[in-house]
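J.: Got a structure for you, questions after.
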Amino acid sequence: MIMKISVLGTGNMGKALVKQVAAYVEGQVLWGSRNSAEAAGLAKNFQLDQIVTVSYVEALQADIIIPAFPVSALMDWAQANKEQLKHKIVVDISNPFNDDFSGFTTAWGESSSERLQSLLPESKVIGAFKNTFFKVFENPVFQDQKSDVLVTGDDEEAVLRFIERFKPLPFRFLHAGKLANNRTIERLTLLELELAVRYGTYPYISLQLFGIKEAVLAN
Ligand SMILES: NC(=O)c1ccc[n+]([C@@H]2O[C@H](COP(=O)([O-])OP(=O)(O)OC[C@H]3O[C@@H](n4cnc5c(N)ncnc54)[C@H](OP(=O)(O)O)[C@@H]3O)[C@@H](O)[C@H]2O)c1
């Protein structure tokens, strides 16, 4: 049985993700928004028949759910939908930026992903796409090398299922261990932002690690 995927939110990351998932992953993708009429208009422009626009409530039917919300809205949504999210894979793409993007709201030694998992103890939280700025989705291959996506999770099977499902996308998915690694992964995004601004490439910046010949998934 094909697992259904939903993307929630029509902001920069919601748009970028829904296009990629619809283009590369088998089956329908449910696209949730507070304003489904607006989402329907956007979906029509993308000309991807696999996108079905829905409300946030309807989007909870999927097995793999990607909320593309600002971090505070993400935590509120998780708390409000804890029951419906039980046993589902919830893909956390969030970075806990403060209002002016100069720093994080989390202390050193904390991560947004671990916080989300603690709010959703019976869901399987997967961290992914945290270092991928939205513009990169338009061209994730730079100088012949794919952008890396660090995938984390405390449920090993869910990590492997996510990678298996998303591997047709033009990124290199690397198993990056447990959710606690997001203490580092999220902070890398803060550094990437500073570098992108310094070198004039914002918002086109992502990770490309070298030395790994191929993604080896076994422990
Ligand atoms: N921007 C990047 O390059 C980037 C890269 C990596 C990770 N991220 C992470 O991805 C997440 C989304 O970032 P983004 O740049 O796509 O944000 P964004 O452009 O501001 O979009 C956020 C979307 O969330 C939805 N939403 C639901 N509840 C909301 C609320 N209370 N307030 C505001 N929006 C609400 C809205 O969609 P509807 O109107 O359709 O409901 C809105 O368009 C963040 O957690 C961010 O840290 C971003």
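Naming scheme: A, B, ... for chains in displayed order of the structure tokens; residues 1 onward per chain; ligands 1 onward as shown.
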Excluding region 128-133 of chain A and residues on its chain fewer than 2 positions from it, collect all residues at most 8 Å away from it, counting only C-alpha atoms, and give them as number ranges by chain.

T.: A: 91-95, 126, 135-137, 147, 149-152, 185-186, 188-189, 192, 203-207

J.: All residues within 8 Å of ligand 1 are required, counting only C-alpha atoms and all ligand atoms; please report them as an MDAnalysis selection string.

T.: chainID A and resid 8:15 32:36 38:39 56 67:74 77 92:97 129:135 189 203

J.: Which of these, A:Asp144, A:Gly27, A:Ser55, A:Lys82, has the shortest distance to Ala40 (chain A) once you count only C-alpha atoms?

T.: A:Ser55

J.: Would you please extract all strand (DSSP E) residues from region 22-143 of chain A, as assigned by DSSP on the backbone, and give them as a PyMOL selection string?

T.: chain A and resi 29-32+51-54+64-67+89-92+124-127+141-142

J.: Next, the residues of the selection above should be written as a PDB file, in the first residue's frame with N, CA, C and O atoms.

T.:
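Result saved to result.pdb:
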ATOM      1  N   VAL A  29      -0.548  13.908  -3.566  1.00  0.00           N
ATOM      2  CA  VAL A  29      -0.049  14.648  -2.411  1.00  0.00           C
ATOM      3  C   VAL A  29      -1.144  15.616  -1.974  1.00  0.00           C
ATOM      4  O   VAL A  29      -1.706  16.343  -2.792  1.00  0.00           O
ATOM      5  N   LEU A  30      -1.489  15.522  -0.692  1.00  0.00           N
ATOM      6  CA  LEU A  30      -2.505  16.413  -0.143  1.00  0.00           C
ATOM      7  C   LEU A  30      -1.818  17.701   0.274  1.00  0.00           C
ATOM      8  O   LEU A  30      -0.795  17.663   0.975  1.00  0.00           O
ATOM      9  N   TRP A  31      -2.367  18.848  -0.165  1.00  0.00           N
ATOM     10  CA  TRP A  31      -1.742  20.129   0.167  1.00  0.00           C
ATOM     11  C   TRP A  31      -2.711  20.928   1.032  1.00  0.00           C
ATOM     12  O   TRP A  31      -3.758  21.375   0.554  1.00  0.00           O
ATOM     13  N   GLY A  32      -2.363  21.085   2.286  1.00  0.00           N
ATOM     14  CA  GLY A  32      -3.228  21.773   3.237  1.00  0.00           C
ATOM     15  C   GLY A  32      -2.881  23.242   3.377  1.00  0.00           C
ATOM     16  O   GLY A  32      -1.718  23.634   3.286  1.00  0.00           O
ATOM     17  N   ILE A  51      -1.514  16.952  -7.150  1.00  0.00           N
ATOM     18  CA  ILE A  51      -1.769  17.769  -5.952  1.00  0.00           C
ATOM     19  C   ILE A  51      -3.277  17.906  -5.723  1.00  0.00           C
ATOM     20  O   ILE A  51      -4.013  18.316  -6.611  1.00  0.00           O
ATOM     21  N   VAL A  52      -3.706  17.531  -4.514  1.00  0.00           N
ATOM     22  CA  VAL A  52      -5.109  17.699  -4.130  1.00  0.00           C
ATOM     23  C   VAL A  52      -5.124  18.695  -2.970  1.00  0.00           C
ATOM     24  O   VAL A  52      -4.488  18.448  -1.941  1.00  0.00           O
ATOM     25  N   THR A  53      -5.812  19.832  -3.142  1.00  0.00           N
ATOM     26  CA  THR A  53      -5.802  20.829  -2.069  1.00  0.00           C
ATOM     27  C   THR A  53      -6.892  20.520  -1.042  1.00  0.00           C
ATOM     28  O   THR A  53      -8.002  20.148  -1.403  1.00  0.00           O
ATOM     29  N   VAL A  54      -6.507  20.650   0.214  1.00  0.00           N
ATOM     30  CA  VAL A  54      -7.377  20.248   1.331  1.00  0.00           C
ATOM     31  C   VAL A  54      -7.240  21.242   2.490  1.00  0.00           C
ATOM     32  O   VAL A  54      -6.382  22.128   2.452  1.00  0.00           O
ATOM     33  N   ILE A  64       2.328  10.285   6.041  1.00  0.00           N
ATOM     34  CA  ILE A  64       3.549  11.101   6.211  1.00  0.00           C
ATOM     35  C   ILE A  64       3.107  12.557   6.076  1.00  0.00           C
ATOM     36  O   ILE A  64       2.557  12.956   5.045  1.00  0.00           O
ATOM     37  N   ILE A  65       3.317  13.328   7.126  1.00  0.00           N
ATOM     38  CA  ILE A  65       2.782  14.690   7.174  1.00  0.00           C
ATOM     39  C   ILE A  65       3.930  15.684   7.332  1.00  0.00           C
ATOM     40  O   ILE A  65       4.759  15.537   8.233  1.00  0.00           O
ATOM     41  N   ILE A  66       3.968  16.667   6.426  1.00  0.00           N
ATOM     42  CA  ILE A  66       5.057  17.654   6.488  1.00  0.00           C
ATOM     43  C   ILE A  66       4.464  19.032   6.784  1.00  0.00           C
ATOM     44  O   ILE A  66       3.985  19.719   5.877  1.00  0.00           O
ATOM     45  N   PRO A  67       4.476  19.455   8.048  1.00  0.00           N
ATOM     46  CA  PRO A  67       3.981  20.790   8.352  1.00  0.00           C
ATOM     47  C   PRO A  67       5.066  21.829   8.039  1.00  0.00           C
ATOM     48  O   PRO A  67       6.147  21.774   8.631  1.00  0.00           O
ATOM     49  N   ILE A  89       4.105   9.505  10.627  1.00  0.00           N
ATOM     50  CA  ILE A  89       5.429  10.111  10.469  1.00  0.00           C
ATOM     51  C   ILE A  89       5.210  11.611  10.289  1.00  0.00           C
ATOM     52  O   ILE A  89       4.493  12.037   9.381  1.00  0.00           O
ATOM     53  N   VAL A  90       5.784  12.399  11.178  1.00  0.00           N
ATOM     54  CA  VAL A  90       5.669  13.861  11.092  1.00  0.00           C
ATOM     55  C   VAL A  90       7.059  14.387  10.730  1.00  0.00           C
ATOM     56  O   VAL A  90       8.018  14.192  11.488  1.00  0.00           O
ATOM     57  N   VAL A  91       7.159  14.995   9.551  1.00  0.00           N
ATOM     58  CA  VAL A  91       8.471  15.449   9.075  1.00  0.00           C
ATOM     59  C   VAL A  91       8.685  16.888   9.532  1.00  0.00           C
ATOM     60  O   VAL A  91       7.925  17.789   9.167  1.00  0.00           O
ATOM     61  N   ASP A  92       9.698  17.065  10.348  1.00  0.00           N
ATOM     62  CA  ASP A  92       9.978  18.388  10.923  1.00  0.00           C
ATOM     63  C   ASP A  92      11.077  19.087  10.124  1.00  0.00           C
ATOM     64  O   ASP A  92      12.218  18.627  10.106  1.00  0.00           O
ATOM     65  N   LYS A 124       6.027   9.595  14.990  1.00  0.00           N
ATOM     66  CA  LYS A 124       7.427   9.368  14.633  1.00  0.00           C
ATOM     67  C   LYS A 124       7.948  10.634  13.954  1.00  0.00           C
ATOM     68  O   LYS A 124       7.652  10.870  12.785  1.00  0.00           O
ATOM     69  N   VAL A 125       8.665  11.426  14.715  1.00  0.00           N
ATOM     70  CA  VAL A 125       9.174  12.696  14.157  1.00  0.00           C
ATOM     71  C   VAL A 125      10.476  12.426  13.401  1.00  0.00           C
ATOM     72  O   VAL A 125      11.383  11.760  13.913  1.00  0.00           O
ATOM     73  N   ILE A 126      10.505  12.937  12.177  1.00  0.00           N
ATOM     74  CA  ILE A 126      11.700  12.829  11.330  1.00  0.00           C
ATOM     75  C   ILE A 126      12.180  14.244  11.049  1.00  0.00           C
ATOM     76  O   ILE A 126      11.390  15.088  10.613  1.00  0.00           O
ATOM     77  N   GLY A 127      13.433  14.523  11.267  1.00  0.00           N
ATOM     78  CA  GLY A 127      13.999  15.827  10.894  1.00  0.00           C
ATOM     79  C   GLY A 127      14.537  15.733   9.466  1.00  0.00           C
ATOM     80  O   GLY A 127      15.201  14.747   9.123  1.00  0.00           O
ATOM     81  N   VAL A 141      20.872  20.675  -7.682  1.00  0.00           N
ATOM     82  CA  VAL A 141      22.176  20.170  -8.129  1.00  0.00           C
ATOM     83  C   VAL A 141      23.046  21.382  -8.461  1.00  0.00           C
ATOM     84  O   VAL A 141      22.680  22.219  -9.273  1.00  0.00           O
ATOM     85  N   PHE A 142      24.180  21.467  -7.766  1.00  0.00           N
ATOM     86  CA  PHE A 142      25.067  22.621  -7.926  1.00  0.00           C
ATOM     87  C   PHE A 142      26.458  22.098  -8.248  1.00  0.00           C
ATOM     88  O   PHE A 142      26.971  21.241  -7.526  1.00  0.00           O
TER      89      PHE A 142
END

J.: Taking the backbone alone, and naming residues the way the document does, which bits of region 40-101 of chain A are alpha helix (DSSP H) by DSSP, as JSON, numbers by chain?

T.: {"A": [40, 41, 42, 43, 44, 45, 46, 56, 57, 58, 59, 71, 72, 73, 74, 75, 76, 77, 78, 79, 80]}

J.: Can you work out the spacing between CA of Gly41 (chain A) and CA of Asp76 (chain A) in Å, to one decimal?

T.: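 Interatomic distance, CA of Gly41 (chain A) to CA of Asp76 (chain A): 26.9 Å.
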
J.: Using only C-alpha atoms for the distances, tell me which of A:Glu114, A:Ser123, A:Pro140, A:Glu156 is nearest to Asn182 (chain A).

T.: A:Glu114

J.: May I ask for the distance between CA of Pro170 (chain A) and CA of Lys213 (chain A), given in Å to one decimal place?

T.: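 Between these atoms lies a distance of 16.3 Å.
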